[in-house]
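Accompanying notes for the structure given below.
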Amino acid sequence: MKRAFDVFLSLILLLIFALPLLIVALGIKLTSKGPVLYWSDRIGINNHIFRMPKFRTMRVDTPAVATHLLENPTQYLTPIGSFLRKSSLDEFPQLWSILRGDMSFIGPRPALFNQEDLITLRTAHNVHLLVPGLTGWAQINGRDELPISEKVRLDAHYLKRQSFWLDIKILFLTFIKVLRREGVSH
């Protein structure tokens with residue numbers, strides 16, 4: 001049922017937001033050099049690597065590390081990068097990953113391939129058995145502000161209590177957080 005919900009909702013959102021997504025793509029192309037999409041190697045279910053698209057918010061010369069590890073991340077943002085991140089519009093291309101089955105709407109956020117501390121801790125708590133998500137329990141309880149150990153604790157909480165109704169609650173609370181722009185560092 002979760003997979004059917006993911007496919008149905010992805011298709012609906014792509015239809016509804018097709019024009020705004022084209023405008024965002026055009027805005028990226030007109031304000032910075034490089035491709036519209038940034039393809040990131042991420043860790044999926046059972047620690048398999050998959051390629052996850054996002055609208056590009058950083059310059060093409062940005063090191064491939066988690067944003068919080070950059071000394072001055074704002075220096076790498078494109079002219080509209082901050083807006084795309086704060087509004088979460090940069091996440092919309094991940095609907096493609098949901099349609100492919102690499103991601104779900106709800107699950108732990110997929111780690112970067114080089115976030116070994118996060119990957120190791122998630123594996124120790126069996127979180128690697130979950131399909132990664134566009135949003136999740138950790139995101140509505142702190143998002144970018146949480147230390148890795150707390151993210152994994154919250155992801156493990158979701159693993160033990162996952163249900164359709166919990167997923168609906170997380171989607172609703174994510175929508176509220178995005179509207180309020182809560183928990184976004186850049």
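Residue names in the structure tokens use chain letters A, B, ... in the order shown, residue numbers from 1 in each chain, and ligand numbers from 1 in the order shown.
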
Report task. Could you give me, as a PyMOL selection string, the residues within 12 Å of Leu14 in chain A, counting only C-alpha atoms and dropping anything in the same chain fewer than 2 positions from it? Result -> chain A and resi 7-12+16-22+92-96+98-99

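Proximity to Leu179 in chain A at 12 Å, evaluated using only C-alpha atoms and with sequence-adjacent residues fewer than 6 positions away removed, yields A:Lys86, A:Ser87, A:Ser88, A:Leu89, A:Phe172, A:Leu173.
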
Please write the residues from the selection above to a file, keeping N, CA and C atoms, as a compact mmCIF listing (two decimals), in the first residue's frame.
# COMPACT_ATOMS: atom_id res chain seq x y z
N LYS A 86 15.24 27.09 1.57
CA LYS A 86 14.31 27.48 2.63
C LYS A 86 12.86 27.13 2.29
N SER A 87 12.53 27.17 1.01
CA SER A 87 11.17 26.82 0.58
C SER A 87 11.03 25.33 0.31
N SER A 88 12.14 24.60 0.33
CA SER A 88 12.21 23.16 0.03
C SER A 88 11.88 22.84 -1.43
N LEU A 89 11.86 23.84 -2.29
CA LEU A 89 11.62 23.59 -3.71
C LEU A 89 12.75 22.77 -4.34
N PHE A 172 1.77 15.73 6.91
CA PHE A 172 1.07 16.95 7.35
C PHE A 172 2.02 17.86 8.12
N LEU A 173 2.77 17.30 9.07
CA LEU A 173 3.68 18.11 9.88
C LEU A 173 4.84 18.66 9.04

**Report entry** Nearest to Glu145 in chain A, chosen from A:Thr67, A:Asn72, A:Asn47, A:Ser40, with only C-alpha atoms counted in the distances
**Finding:**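 Nearest candidate to Glu145 in chain A out of A:Thr67, A:Asn72, A:Asn47, A:Ser40: A:Thr67.
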
Query raised in the report: Taking into account only C-alpha atoms, which residue in the set A:Lys29, A:Arg122, A:Arg56, A:Arg180 is nearest to Ile140 in chain A?
Result: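 Counting only C-alpha atoms, the residue closest to Ile140 in chain A is A:Arg180.
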
**Report entry** strand (DSSP E or B) per DSSP on the backbone: members of range 40-88 of chain A, as a ChimeraX atom specification
**Finding:** /A:40-43,49-55,58,77

Could the residues in this selection be written to a file with C-alpha atoms, as a short mmCIF file (atom, residue, chain, number, x, y, z; two decimals), in the first residue's frame?
data_model
loop_
_atom_site.label_atom_id
_atom_site.label_comp_id
_atom_site.auth_asym_id
_atom_site.auth_seq_id
_atom_site.Cartn_x
_atom_site.Cartn_y
_atom_site.Cartn_z
CA SER A 40 23.98 13.13 -5.59
CA ASP A 41 25.18 9.63 -4.69
CA ARG A 42 23.04 8.62 -1.71
CA ILE A 43 22.59 5.59 0.48
CA ILE A 49 23.96 3.61 -3.49
CA PHE A 50 21.50 5.37 -5.80
CA ARG A 51 21.58 8.70 -7.65
CA MET A 52 19.22 11.30 -6.17
CA PRO A 53 18.32 14.49 -8.07
CA LYS A 54 17.80 17.89 -6.50
CA PHE A 55 17.49 21.32 -8.02
CA MET A 58 25.14 25.43 -4.87
CA LEU A 77 24.97 29.22 -2.76
#

**Report entry** Which residue of A:Gln139, A:Thr174, A:Thr31, A:Ser82 approaches Pro110 in chain A most closely, using only C-alpha atoms
**Finding:**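 Closest to Pro110 in chain A of all the choices is A:Gln139.
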
**Report entry** Proximity to Asp155 in chain A - best of A:Leu70, A:Gly107, A:Thr135, A:Asn114, only C-alpha atoms
**Finding:**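 Of the candidates, the smallest distance to Asp155 in chain A is held by A:Gly107.
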
Query - Residues within 7 Å of Val131 in chain A, only C-alpha atoms, excluding chain neighbours under 3 positions, as an MDAnalysis selection string - result: chainID A and resid 44:45 103:104 107

Store the residues picked out above, limited to C-alpha atoms, as a short mmCIF file (atom, residue, chain, number, x, y, z; two decimals), in the first residue's frame.
data_model
loop_
_atom_site.label_atom_id
_atom_site.label_comp_id
_atom_site.auth_asym_id
_atom_site.auth_seq_id
_atom_site.Cartn_x
_atom_site.Cartn_y
_atom_site.Cartn_z
CA GLY A 44 19.35 3.71 -0.06
CA ILE A 45 17.74 0.63 1.39
CA MET A 103 12.86 6.56 -2.20
CA SER A 104 9.50 6.86 -0.47
CA GLY A 107 11.56 7.37 5.70
#

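By chain and then residue number, the residues within 10 Å of Leu118 in chain A are Pro110, Ala111, Leu112, Ala124, Pro147, Ile148, Ser149, Lys151 and Val152 of chain A, counting only C-alpha atoms and disregarding those fewer than 6 positions away in sequence.
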
Report summary line: Of A:Phe105, A:Gly81, A:Ala25, A:Gly142, the one nearest to Lys169 in chain A when counting only C-alpha atoms is A:Phe105

**Report entry** Distance query Ile80 in chain A at most 8 Å, only C-alpha atoms, self and fewer than 6 positions along chain excluded, as a list in words
**Finding:**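 Contacts, in chain order: Gly27, Ile28, Thr31 and Thr57 of chain A.
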
Query raised in the report: At what distance in Å, to one decimal, does CA of Leu121 in chain A lie from CA of Tyr76 in chain A?
Result: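 Rounded to one decimal, the two atoms are 29.0 Å apart.
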
Report task. Quick one: everything within 12 Å of Leu30 in chain A, counting only C-alpha atoms, minus sequence neighbours fewer than 5 positions away in the same chain. Send it as number ranges by chain. Result -> A: 23-25, 35-36, 78-80

**Report entry** Atom pair CA of Pro132 in chain A / CA of Pro108 in chain A: separation (Å)
**Finding:** 4.9 Å

Query raised in the report: Pick the closest to Tyr38 in chain A from A:Glu150, A:Asp90, A:Asp6, A:Asp117: which is it, counting only C-alpha atoms?
Result: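 Between A:Glu150, A:Asp90, A:Asp6, A:Asp117, the residue approaching Tyr38 in chain A most closely is A:Asp90.
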
Report summary line: CA of Ser32 in chain A sits from CA of Pro63 in chain A at a separation of 16.8 Å
